[in-house]
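A.B. asks: First the structure, then my questions, so here it is.
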Amino acid sequence: MGLGEVERRYALKELSKADAIALVRTVAREKGVEALVRLPDDTLYNYAQKMSSYPLAIKWVVGQVALGKDLDRLIESLVSTSGDIARFCFEHIYDNLLSENARMVLCCLAASDTPLTRGVLTHVSGLQAEQLDKALRDLTLASLIIQGHEESADHTIVTKYSLLPLTLGYLRTKIQSQPETLRTIKARMELVSSRMEEATRAGKQYRYALQDLGATTDEERIAASWALTAYQRSQIGDYNGAVEAFKRAVEIAPNFSRIYRNWATVESVEGHHDSATELMEKATSLTPDDPTLWFVWGNIEKRRGWLERSRRYFQRALTLSPNDGAVLGGLGEVEKRSGNYQEADQYFQQALSVPLELRSYKHEVITHTAIADNLRRWSQELWKDKQVDAALYKAKDAYDHATYAVQMTGSDTRARDTLQETAFQLAMMLLETEDVESALPFFQEAIVTNPRRAKDKKKTAHACYHASRGLMRAGRLNEAKHYYQIGERARPRTEEERQRFEALRAELFDHRPTGRISYVPRNAAYGFIERDDAPGQTVFAHKAHFVPPVSSMGLANMIGVRVSFTIEQTKDGPQARNIKLLES
């Protein structure tokens, strides 16, 4: 340990063979131990190796021999973590001269069976980057740790830190006396292992899963663990916690591009588009040939609504990874949102036709769901253009793809949402073009049992409302009441929904006025009902609101017929609804 500003330090670490032999002879000559001085080099080096060729240990052992101690017994005592040599070499330094951070680093190295990189030490020690760097400098100057250098898979040089063999035993004794510290270190090491298994599973299911960071070095594995923590925190709404975890990941592996990719995704979801752009620029500058970066950037811009830029990034990803199903799906999404449904369908079909070895279970679910949503939107456009047959064909095709996606996985929320939306749309089309019997199975598919999400409640309410009205017009009142009750329990408490369901309840359950059809204009689709409870007062009645509906000719022949009905207040005045014929 240094003396201050006037010092000149020489770090004495594990010595080479020649230096170790020279030091033994020099100290032995100085202490007057001529028996050691005269020993052959190989014998001296054998003893030096048992002292880990550590200069302080050599000096102590030779000094003890000069005091009359037996050399072989001294060498045996070196393995004792509580013997004189351990106390002489380390105890004063460890207890009195090292900082708490430096002691933590030594404990981390002692708890590991292999040398650790700076990144691993950052995570396991829990120290900030600046604190760790200072501790490593102090320990290196004190010759208490050894730096080793290895070439990594990408041909970069990686520095790893380890302990001298003589130091290791002493420190393991120390750490065993600090069970809380040991538990913390072990828990952090185990967390890294479990997170890496999680990332590996995610990568096998779906190549572009954010949990799959493709870490290869120790630093990247630790940083990936922090990135997974950040992702989980973002999923539960803890944005600040996510950012802190990402910062920690960047401290550990500042050149790991996929950390910035995941961070950018979180910023994008939060609506921080400028931050997301800066992070993606950093990621792609580090690894410009990684297609996952351009794919994620395409998704970020798509979420923002910048479709042309999104298309450009997806195209870049496709250039780097041709015939990539996920990227083709991304391009399909861009075209779908642009209203180019035919082009979108072509991309999605290409995504389904990629070789089996390039497809995954998750990819299949995503693609079939995307095809269903695109066909559903395409069907809506055709319906608006009065192309009824084509619209129905697309809607039924969309339903088949959505059903297949849900059958593959009942747990994918997007697939289930798409199935509900597609089923509801198809039910409404069939209700208008055929009858309620054809539409009812699809209404049932759109209804969520015990809905909890606001989205599910709204979908269920809409499906139940229209199913109930369709059944009521068909004269199937008990079934209509059943669907009304399901929808009434699920409906969101908005004013619009409340009014709709109140009107429906009135038609199904409330008192029904009676009267006679008093007037029907020539060839008209409507007439007027004179109320029994208000003689001379009439209510407008359209043929479509008879149960079952009647034709214009049939309505013209019904003058004088008695009916019951409900009343709905419209902007044009009161109108009769759910009109039923009464027996004479």
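Within each chain, counting starts at residue 1; across the structure tokens, chains are named A, B, ... in the order shown, with ligands numbered 1 upward in that order.
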Report the residues of segment 131-293 of chain A whose backbone DSSP state falls under strand (DSSP E), written as a PDB file with C-alpha atoms, in the first residue's frame.
C.D. replies:
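Just written: result-v4.pdb:
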```
ATOM      1  CA  ILE A 145      -5.984  -9.243  -7.821  1.00  0.00           C
ATOM      2  CA  ILE A 146      -4.635 -10.470 -11.153  1.00  0.00           C
ATOM      3  CA  GLN A 147      -5.688  -9.180 -14.553  1.00  0.00           C
ATOM      4  CA  GLY A 148      -5.873 -11.736 -17.335  1.00  0.00           C
ATOM      5  CA  HIS A 149      -6.635 -11.129 -21.005  1.00  0.00           C
ATOM      6  CA  GLU A 150      -8.533 -13.401 -23.403  1.00  0.00           C
ATOM      7  CA  GLU A 151      -9.613 -13.122 -27.009  1.00  0.00           C
ATOM      8  CA  ILE A 157      -9.595  -8.600 -26.032  1.00  0.00           C
ATOM      9  CA  VAL A 158     -11.536  -9.219 -22.817  1.00  0.00           C
ATOM     10  CA  THR A 159     -10.037  -8.444 -19.402  1.00  0.00           C
ATOM     11  CA  LYS A 160     -10.886 -10.806 -16.549  1.00  0.00           C
ATOM     12  CA  TYR A 161     -10.030 -10.472 -12.874  1.00  0.00           C
ATOM     13  CA  SER A 162      -9.052 -13.249 -10.484  1.00  0.00           C
ATOM     14  CA  LEU A 163      -7.332 -13.772  -7.134  1.00  0.00           C
TER      15      LEU A 163
END
```
A.B. asks: Counting only C-alpha atoms, which residues of segment 201-302 of chain A fall within 9 Å of segment 327-350 of chain A, and what is the closest atom pair for each with its distance in Å at one decimal, ordered by chain and rising number, as CSV?
C.D. replies:
```
residue,atom,partner,partner_atom,distance
A:Pro291,CA,A:Val327,CA,8.9
A:Phe295,CA,A:Val327,CA,6.4
A:Gly298,CA,A:Gly330,CA,7.6
A:Asn299,CA,A:Gly330,CA,7.3
A:Lys302,CA,A:Val334,CA,6.9
```
A.B. asks: Export N, CA and C atoms of the chosen residues as an mmCIF file, in the first residue's frame?
C.D. replies:
```
data_model
loop_
_atom_site.group_PDB
_atom_site.id
_atom_site.type_symbol
_atom_site.label_atom_id
_atom_site.label_comp_id
_atom_site.auth_asym_id
_atom_site.auth_seq_id
_atom_site.Cartn_x
_atom_site.Cartn_y
_atom_site.Cartn_z
ATOM 1 N N PRO A 291 -30.179 -7.148 -38.575
ATOM 2 C CA PRO A 291 -31.539 -6.905 -39.080
ATOM 3 C C PRO A 291 -32.558 -6.685 -37.977
ATOM 4 N N PHE A 295 -35.604 -3.934 -37.925
ATOM 5 C CA PHE A 295 -36.966 -4.443 -37.762
ATOM 6 C C PHE A 295 -37.670 -3.723 -36.610
ATOM 7 N N GLY A 298 -38.401 -0.172 -37.495
ATOM 8 C CA GLY A 298 -39.586 -0.122 -38.348
ATOM 9 C C GLY A 298 -40.863 -0.176 -37.529
ATOM 10 N N ASN A 299 -40.899 -1.047 -36.511
ATOM 11 C CA ASN A 299 -42.075 -1.144 -35.646
ATOM 12 C C ASN A 299 -42.282 0.130 -34.837
ATOM 13 N N LYS A 302 -43.748 2.675 -37.110
ATOM 14 C CA LYS A 302 -45.129 2.292 -37.424
ATOM 15 C C LYS A 302 -46.044 2.684 -36.270
#
```
A.B. asks: Among segment 286-489 of chain A, which ones does DSSP assign to alpha helix (DSSP H) (computed from the backbone)? Answer as a ChimeraX atom specification.
C.D. replies: /A:286,291-304,307-320,325-337,341-352,361-384,388-408,413-433,436-446,454-473,477-489
A.B. asks: When you look at segment 505-519 of chain A with a cut-off of 6 Å (counting only C-alpha atoms), what residues show up, excluding the ones that are within fewer than 6 positions of it in the same chain? I need them as a VMD selection string.
C.D. replies: chain A and resid 527 to 532 559 to 566
A.B. asks: Go ahead and dump the residues you just picked, N, CA and C atoms, as a JSON list (two decimals), in the first residue's frame.
C.D. replies:
```
[["chain", "number", "residue", "atom", "x", "y", "z"],
["A", 527, "GLY", "N", -96.56, 3.96, -42.13],
["A", 527, "GLY", "CA", -97.93, 4.35, -41.86],
["A", 527, "GLY", "C", -98.00, 5.00, -40.49],
["A", 528, "PHE", "N", -99.24, 5.10, -39.95],
["A", 528, "PHE", "CA", -99.43, 5.74, -38.65],
["A", 528, "PHE", "C", -100.36, 4.90, -37.80],
["A", 529, "ILE", "N", -100.06, 4.87, -36.48],
["A", 529, "ILE", "CA", -100.87, 4.11, -35.53],
["A", 529, "ILE", "C", -101.59, 5.12, -34.62],
["A", 530, "GLU", "N", -102.93, 4.95, -34.50],
["A", 530, "GLU", "CA", -103.69, 5.77, -33.55],
["A", 530, "GLU", "C", -103.71, 5.05, -32.21],
["A", 531, "ARG", "N", -103.28, 5.75, -31.17],
["A", 531, "ARG", "CA", -103.12, 5.14, -29.85],
["A", 531, "ARG", "C", -104.45, 4.96, -29.15],
["A", 532, "ASP", "N", -104.62, 3.82, -28.46],
["A", 532, "ASP", "CA", -105.84, 3.57, -27.70],
["A", 532, "ASP", "C", -105.93, 4.50, -26.49],
["A", 559, "ILE", "N", -104.62, -1.66, -42.57],
["A", 559, "ILE", "CA", -105.38, -0.56, -41.96],
["A", 559, "ILE", "C", -106.50, -1.14, -41.11],
["A", 560, "GLY", "N", -106.58, -0.66, -39.87],
["A", 560, "GLY", "CA", -107.59, -1.14, -38.92],
["A", 560, "GLY", "C", -107.11, -2.27, -38.05],
["A", 561, "VAL", "N", -105.98, -2.84, -38.35],
["A", 561, "VAL", "CA", -105.44, -3.95, -37.55],
["A", 561, "VAL", "C", -104.91, -3.41, -36.23],
["A", 562, "ARG", "N", -105.17, -4.10, -35.12],
["A", 562, "ARG", "CA", -104.70, -3.68, -33.81],
["A", 562, "ARG", "C", -103.29, -4.22, -33.57],
["A", 563, "VAL", "N", -102.47, -3.37, -32.94],
["A", 563, "VAL", "CA", -101.06, -3.71, -32.69],
["A", 563, "VAL", "C", -100.65, -3.22, -31.30],
["A", 564, "SER", "N", -99.54, -3.81, -30.80],
["A", 564, "SER", "CA", -98.86, -3.27, -29.61],
["A", 564, "SER", "C", -97.46, -2.83, -30.05],
["A", 565, "PHE", "N", -96.87, -1.90, -29.29],
["A", 565, "PHE", "CA", -95.59, -1.33, -29.73],
["A", 565, "PHE", "C", -94.89, -0.64, -28.56],
["A", 566, "THR", "N", -93.65, -0.27, -28.78],
["A", 566, "THR", "CA", -92.92, 0.61, -27.86],
["A", 566, "THR", "C", -92.66, 1.92, -28.59]]
```
